[in-house]
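Here the structure comes first, spelled out in structure tokens, and everything after it is commentary.
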Amino acid sequence: MKYQSQKIAYWFFAAAMVLFSLQIVYGFIMGFARIGYDVLHDWIPFNTARAVHTNLLVVWLLCGFMGAAYYIIPEEVERDLEWPKLAWLQYFSLLIDGVIAVGCYHFNIWEGRKFLEIPRPLDYLVVVNVLMFIANIGVTMWKGKRSTTTSMVLFMGLLFAALLYLPGMVQVRNQTVDSFYRWWVVHLWVEGVWELIMGGMLCYLLIKLTGVDREVVEKWLYLIVGLTFLSGILGTGHHYYYIGTPRYWLIVGGVFSALEPLAFLGMAIYALAMAKRGERKHPNRIALTWSLGCAVMSFVGAGFLGMAHTLPQVNMYTHGTLVTAMHGHLAFWGAYAMIVLAMIAYALPLMTGRKLWDTPLASWAFWTSNIGMLGMTGALAVAGITQVNLERRMGLDFMLVQKEIQVHFIGMLLAAALFTVGIGMFIVMFFRHGLPNDEALGTDVAGDLVAVGK
Ligand code: HEM
Ligand code: HEM
Ligand SMILES: [Fe+2]
């Protein structure tokens with residue numbers, strides 16, 4: 001860590017850890033409800049738990065991205081953050097906004113649009129909050145000593161994510177039109193601008209961890225940005241097949257979304273190639289493991305499992321079933337949760353001065369959580385495929401089929417328990433590092449590379 005103001009990142013990461021834990025709790029509430037133990041039903045019915053589970057996911061990932069930006073941008077542009085106090089204000093207002101929103105869901109105060117449930121007045125607070133964030137890192141970059149591709153891609157990703165939040169706030173009375181714009185947020189975030197954020201963070205981590213030249217690593221980033229936009233924008237069409245939009249979306253959505261896995265494949269190949277080329281010289285091996293793991297798992301979860309139900313002929317049967325939940329879990333985990341955890345694994349030792357990398361606990365956290373998540377995905381896949389066959393193809397009654405697939409949720413819960421043990425270990429590691437401090441200032445990575453005899 002080189003700059004005093006980078007320390008704010010720690011608090012964003014810590015909040016992410018707390019909200020992530022809470023997300024898992026709500027996941028279990030739903031999982032138990034699915035196997036017949038809906039004991040909290042009167043207070044937290046399934047729909048409330050679902051909204052809280054997915055919204056907490058989005059908020060903790062945003063906390064992770066913001067923390068990462070506050071850490072990366074000063075170092076990339078070689079100056080302190082422009083307004084450190086504003087970053088604190090933004091931090092607390094984000095958390096207060098999030099807590100109020102989650103509270104509201106428990107009292108049926110929400111908009112009922114999947115992923116965008118947040119009540120309208122709180123939307124405006126989000127806008128103000130994100131403006132503060134964008135202004136802070138934007139001005140820091142503007143006044144910076146140098147400009148890098150990595151910081152530009154990261155910034156553009158965050159800026160467009162902020163702008164794309166706005167179409168989701170357009171108020172219309174027609175459900176198809178509402179759905180049409182809802183996807184501008186949900187789809188264009190995860191299959192568009194968030195990929196830039198992920199690409200920027202991955203690029204930064206690979207530069208730091210592999211020792212490969214910036215020029216080489218950043219050249220790939222252009223390719224990935226190009227592939228993302230080429231496929232992802234019109235790929236939105238894979239949500240417009242059967243919602244009341246014109247028929248041409250069948251072909252547009254089918255063709256362009258089928259190209260989307262290329263961007264994720266590109267990222268996986270690129271990360272592995274850089275790691276090979278750099279011969280892994282950095283002592284923080286676990287941060288590299290998370291980075292490479294992210295690149296590979298995002299391809300499996302988003303690319304491969306996305307492809308599995310993206311063609312209109314298939315989506316006609318799988319739409320809105322547990323096949324979607326299967327893909328949603330591994331895609332969010334592989335691409336966005338893992339990149340945030342990779343960033344934390346990298347930055348935490350540098351902010352706190354406690355180099356707890358390469359410990360058995362850190363490796364166990366990685367493997368246990370990943371194997372657990374693969375198990376959850378597998379269980380959801382079996383449940384989803386059974387559901388599609390019985391309900392959509394054979395025409396059995398919805399509730400009858402839900403009973404039929406109940407057993408698969410026992411498997412899912414066992415895998416989820418394993419996953420939770422892994423995340424528990426990661427969180428223990430997190431808090432073992434202690435707080436960020438000034439002694440850690442000046443722990444620069446070049447020094448680390450020398451230390452292991454580069
Ligand atoms: C990291 C990137 C991705 C994430 C986080 C992600 C996550 C999700 C989530 C959460 C949903 C459910 C959304 C909802 O119903 O509101 C969804 C739906 C969908 N995703 Fe992805 N996805 C990603 C990438 C992809 C890619 C690359 C493809 C195609 C190749 C794809 C294909 C689909 C399709 C077809 C649906 C609609 C499913 C349905 O009709 O129910 N996704 N995705
Ligand atoms: C570890 C414990 C977890 C459990 C028990 C769990 C369980 C569940 C359940 C039961 C659902 C509802 C599926 C349905 O509609 O029936 C759900 C939805 C969802 N969960 Fe989890 N989850 C867990 C962790 C996670 C994690 C770590 C992520 C992301 C990284 C995640 C992302 C999602 C998403 C995106 C959805 C919505 C999927 C869709 O739109 O269809 N969950 N989860
Ligand atoms: Fe999509």
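Going by the structure tokens order, chains are called A, B, ..., each with residues numbered from 1, while ligands are numbered from 1 in the order shown.
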
Residue neighbourhood Glu260 (chain A), 8 Å, only C-alpha atoms, exclusion window fewer than 2 positions, as a list of chain:residue names:
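Residues meeting the cut-off are A:Glu191, A:Leu227, A:Thr228, A:Ser231, A:Gly232, A:Gly235, A:Phe256, A:Ser257, A:Ala258, A:Leu262, A:Ala263, A:Phe264, A:Gly303.
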
Just list as a PyMOL selection string whatever in region 43-85 of chain A DSSP marks as helix (DSSP H, G or I).
chain A and resi 46-77+84-85

Shell around region 118-132 of chain A at 7 Å using only C-alpha atoms, local window under 6 positions removed, as a ChimeraX atom specification:
/A:90,93-94,97,101,109-111,162

Hey, can you spit out that residue selection with N, CA and C atoms as a PDB file, in the first residue's frame?
```
ATOM      1  N   GLN A  90     -19.813   8.426   1.737  1.00  0.00           N
ATOM      2  CA  GLN A  90     -20.412   7.538   0.753  1.00  0.00           C
ATOM      3  C   GLN A  90     -20.555   6.132   1.323  1.00  0.00           C
ATOM      4  N   SER A  93     -23.466   6.122   3.899  1.00  0.00           N
ATOM      5  CA  SER A  93     -24.792   6.297   3.291  1.00  0.00           C
ATOM      6  C   SER A  93     -25.181   5.053   2.488  1.00  0.00           C
ATOM      7  N   LEU A  94     -24.192   4.402   1.871  1.00  0.00           N
ATOM      8  CA  LEU A  94     -24.493   3.163   1.134  1.00  0.00           C
ATOM      9  C   LEU A  94     -25.025   2.091   2.086  1.00  0.00           C
ATOM     10  N   ASP A  97     -28.515   2.967   3.396  1.00  0.00           N
ATOM     11  CA  ASP A  97     -29.481   2.740   2.326  1.00  0.00           C
ATOM     12  C   ASP A  97     -29.792   1.243   2.201  1.00  0.00           C
ATOM     13  N   ALA A 101     -33.328  -0.693   2.971  1.00  0.00           N
ATOM     14  CA  ALA A 101     -33.994  -1.445   1.897  1.00  0.00           C
ATOM     15  C   ALA A 101     -34.332  -2.858   2.367  1.00  0.00           C
ATOM     16  N   ILE A 109     -42.593  -3.587   1.749  1.00  0.00           N
ATOM     17  CA  ILE A 109     -42.434  -2.288   1.077  1.00  0.00           C
ATOM     18  C   ILE A 109     -41.371  -2.496   0.005  1.00  0.00           C
ATOM     19  N   TRP A 110     -41.798  -2.681  -1.217  1.00  0.00           N
ATOM     20  CA  TRP A 110     -40.850  -2.950  -2.307  1.00  0.00           C
ATOM     21  C   TRP A 110     -41.542  -2.826  -3.641  1.00  0.00           C
ATOM     22  N   GLU A 111     -40.741  -2.906  -4.714  1.00  0.00           N
ATOM     23  CA  GLU A 111     -41.340  -2.757  -6.038  1.00  0.00           C
ATOM     24  C   GLU A 111     -41.677  -4.080  -6.700  1.00  0.00           C
ATOM     25  N   ALA A 162     -23.265   2.855 -13.236  1.00  0.00           N
ATOM     26  CA  ALA A 162     -24.077   3.886 -12.603  1.00  0.00           C
ATOM     27  C   ALA A 162     -25.135   4.403 -13.577  1.00  0.00           C
TER      28      ALA A 162
END
```

Taking only C-alpha atoms and all ligand atoms into account, report as a ChimeraX atom specification which residues have an atom no farther than 8 Å from an atom of ligand 1.
/A:114-115,183,186-187,190-191,194-195,232,235,238-239,257-261,264,298,301-311,315-316,318-321,323-325,327-336

List as JSON lines every residue of region 200-233 of chain A that is in contact with region 73-85 of chain A, defined as an atom at most 12 Å from one of its atoms (using only C-alpha atoms), together with the nearest atom pair and the distance in Å rounded to one decimal, sorted by chain and then rising number.
```
{"residue": "A:Gly200", "atom": "CA", "partner": "A:Ile73", "partner_atom": "CA", "distance": 10.7}
{"residue": "A:Met201", "atom": "CA", "partner": "A:Ile73", "partner_atom": "CA", "distance": 10.5}
{"residue": "A:Cys203", "atom": "CA", "partner": "A:Glu76", "partner_atom": "CA", "distance": 11.7}
{"residue": "A:Tyr204", "atom": "CA", "partner": "A:Glu76", "partner_atom": "CA", "distance": 8.8}
{"residue": "A:Leu205", "atom": "CA", "partner": "A:Glu76", "partner_atom": "CA", "distance": 11.8}
{"residue": "A:Ile207", "atom": "CA", "partner": "A:Glu76", "partner_atom": "CA", "distance": 11.2}
{"residue": "A:Lys208", "atom": "CA", "partner": "A:Glu76", "partner_atom": "CA", "distance": 11.2}
{"residue": "A:Arg214", "atom": "CA", "partner": "A:Glu76", "partner_atom": "CA", "distance": 11.4}
```

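Note that the spacing between CA of Leu202 (chain A) and CA of Ala287 (chain A) amounts to 10.8 Å.
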
Tell me, in Å to one decimal, how far CA of Phe398 (chain A) is from CA of Met326 (chain A).
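Answer for the CA of Phe398 (chain A) to CA of Met326 (chain A) separation: 18.5 Å.
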
Atom 39 (C, counted along the ligand's line) of ligand 2 to CA of Ser363 (chain A), distance in Å rounded to a single decimal:
29.1 Å

Tell me which of A:Asn284, A:Gln406, A:Ser369, A:Thr176 sits closest to Thr245 (chain A), counting only C-alpha atoms.
A:Thr176
